[in-house]
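Enquirer: Got a structure here, written out as structure tokens. Questions coming.
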Amino acid sequence: MPDVRIILVRPQHPGNIGACARAMKNMGVKRLVLVAPQRFPAEEAVARAAGADDILAAAEIVEDVPTAVAECVFVAATSARDRTIPLPRQDARAAAATLCGQAQLGPVGLLFGAERTGLTNEEVDFAHTLVQIPVDPLFASLNLAAAVQILCYEIRCAIQAGPAAAPEHRPASQEAFNLFLGHLEKTITDIGFLNEKHPRKLMRRLTRLFRRALPDDNELQILRGILNAVEKPHPPRKLSPRDPHNT
Ligand code: SAH
């Protein structure tokens with residue numbers, strides 16, 4: 001089984017956490033991560049896990065999404081709703097195949113939102129792709145554990161279909177990516193490009209642009225080199241009289 005982490009973000013009902021653990025165990029998916037659960041551990045969770053107590057006992061509890069995905073080489077966010085800022089979209093089947101492929105490089109994460117509110121835009125910022133389970137658009141919101149069940153089933157099917165295509169390159173770590181984003185934000189603030197009235201919107205667009213590109217370490221180093229050069233420009237190169245550009 002590839003290292004796929006089912007990450008429940010701020011789940012409200014312990015019963016749902018238990019039902020998710022059961023849905024995972026049925027499909028052989030083992031790693032459950034809980035981001036700031038409202039109530040956990042709880043008897044209701046154990047009752048609804050119906051024998052998947054080992055998944056609950058091993059569940060990792062963390063404070064926020066960045067911590068939950070820190071080790072992940074690839075992250076998918078599930079959503080019942082359309083989001084305004086474009087991110088590659090996949091249905092559950094395609095997403096499961098992508099996750100199994102990327103899992104050849106390291107842990108991968110699948111984010112699920114809270115029952116009432118779903119994932120915030122800030123939480124979706126950590127994802128490389130948005131996953132929508134095709135449902136009747138007139139009644140699109142599934143119960144949390146039902147959504148986990150469908151994704152885990154698709155992951156099982158993807159594994160059984162045979163080895164996934166290996167990704168073309170290894171993306172940089174989340175830590176390196178976040179350092180780059182911080183550097184980018186600082187540079188565009190310093191040069192007066194970041195519009196202080198809409199800083200978040202611009203950074204969100206840039207975050208998603210670079211997440212889609214899945215840059216590797218070398219590419220991030222080049223980008224950071226450019227940012228360094230923007231902040232501390234070297235004196236312009238002196239052109240020789242014979243240089244064709246020297247007109
Ligand atoms: N009211 C929330 C929905 C919450 S349902 C909203 O409008 O966003 C709880 C979680 O189940 C969602 O955050 C998502 O992770 C998952 N989910 C529910 N329906 C889904 C669907 N059709 N496709 C993908 N994920 C879905």
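Residue numbers start at 1 in each chain; chains themselves are named A, B, ... in the order of the structure tokens; ligands are numbered from 1 in the order shown.
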Between stretch 100-150 of chain A and stretch 73-88 of chain A, at 8 Å or less, what are the per-residue closest atom pairs and their distances in Å? Count only C-alpha atoms, order by chain and rising residue number, and return it as CSV.

Expert:
```
residue,atom,partner,partner_atom,distance
A:Gln102,CA,A:Phe74,CA,6.5
A:Ala103,CA,A:Val73,CA,7.7
A:Leu105,CA,A:Val73,CA,7.0
A:Gly106,CA,A:Val73,CA,5.8
A:Pro107,CA,A:Val73,CA,6.0
A:Val108,CA,A:Phe74,CA,5.0
A:Gly109,CA,A:Val75,CA,4.7
A:Leu110,CA,A:Ala76,CA,4.9
A:Leu111,CA,A:Ala77,CA,4.7
A:Phe112,CA,A:Thr78,CA,5.6
A:Gly113,CA,A:Thr78,CA,7.4
A:Gly118,CA,A:Ser79,CA,7.0
A:Leu119,CA,A:Ser79,CA,7.2
A:Val124,CA,A:Ala77,CA,6.1
A:Phe126,CA,A:Val75,CA,7.0
A:Ala127,CA,A:Val75,CA,4.7
A:His128,CA,A:Val75,CA,5.5
A:Thr129,CA,A:Ala76,CA,4.9
A:Leu130,CA,A:Ala77,CA,4.9
A:Val131,CA,A:Thr78,CA,4.5
A:Gln132,CA,A:Ser79,CA,5.7
A:Ile133,CA,A:Ala80,CA,7.4
A:Ala140,CA,A:Ala80,CA,5.9
A:Ser141,CA,A:Ala80,CA,5.3
A:Leu142,CA,A:Ala80,CA,7.5
```

Enquirer: Can you pull out the residues contacting A:Arg10? Cut-off 8 Å, using only C-alpha atoms, and skip same-chain residues under 4 positions away; I want them as a list in words.

Expert: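 Returned residues: Leu34, Val35, Ala36, Pro37, Gln38, Gly113 and Ala114 of chain A.
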
Enquirer: Just the selected residues (C-alpha atoms), exported as a PDB file, in the first residue's frame, please.

Expert:
```
ATOM      1  CA  LEU A  34      -6.508  14.721  12.209  1.00  0.00           C
ATOM      2  CA  VAL A  35      -6.042  18.470  12.040  1.00  0.00           C
ATOM      3  CA  ALA A  36      -7.433  20.155  15.176  1.00  0.00           C
ATOM      4  CA  PRO A  37     -10.391  17.768  15.675  1.00  0.00           C
ATOM      5  CA  GLN A  38     -13.204  19.292  17.695  1.00  0.00           C
ATOM      6  CA  GLY A 113     -12.810  19.580   4.953  1.00  0.00           C
ATOM      7  CA  ALA A 114     -15.018  20.024   7.973  1.00  0.00           C
TER       8      ALA A 114
END
```

Enquirer: Considering only C-alpha atoms and all ligand atoms, state which residue in the set A:Ile7, A:Leu194, A:Ala21, A:Ala68 is at the smallest distance from ligand 1.

Expert: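 Result for the nearest residue to ligand 1: A:Ile7.
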
Enquirer: Suppose you want the space between atom CA of A:Ala42 and atom CA of A:Pro14; what is it in Å?

Expert: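 Straight-line distance from atom CA of A:Ala42 to atom CA of A:Pro14 works out to 6.2 Å.
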
Enquirer: Go through A:Ala176, A:Met24, A:Ala95, A:Ile17 one by one, measure the shortest atom-to-atom distance of each to A:Leu214 using only C-alpha atoms, and give the residue with the smallest value.

Expert: A:Ala176

Enquirer: At a cut-off of 12 Å, using only C-alpha atoms, what residues contact A:Gln221? Leave out same-chain residues fewer than 5 positions from it and give the result as an MDAnalysis selection string.

Expert: chainID A and resid 172 176:177 179:180 183 215:216 226:228

Enquirer: Name the closest residue to ligand 1 among the candidates A:Lys197, A:His13, A:Arg224, A:Arg39; distances are taken between atoms, counting only C-alpha atoms and all ligand atoms.

Expert: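 Distance minimum relative to ligand 1 lands on A:His13.
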
Enquirer: Could you work out how far atom CA of A:Glu122 lies from atom CA of A:Gly15, giving the answer in Å with one decimal?

Expert: 26.1 Å

Enquirer: Pick out the closest residue to ligand 1 from this set: A:Leu144, A:Leu220, A:Ala70, A:Ala164. Count only C-alpha atoms and all ligand atoms.

Expert: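 Among the listed residues, the smallest separation from ligand 1 belongs to A:Leu144.
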
Enquirer: Name the residues of stretch 47-100 of chain A that fall into strand (DSSP E or B) according to DSSP on the backbone, using the chain letters and numbers of this document, as a list in words.

Expert: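 Matching residues, listed in order: Glu60, Ile61, Val62, Phe74, Val75, Ala76, Ala77, Thr78, Arg89, Gln90 and Asp91 of chain A.
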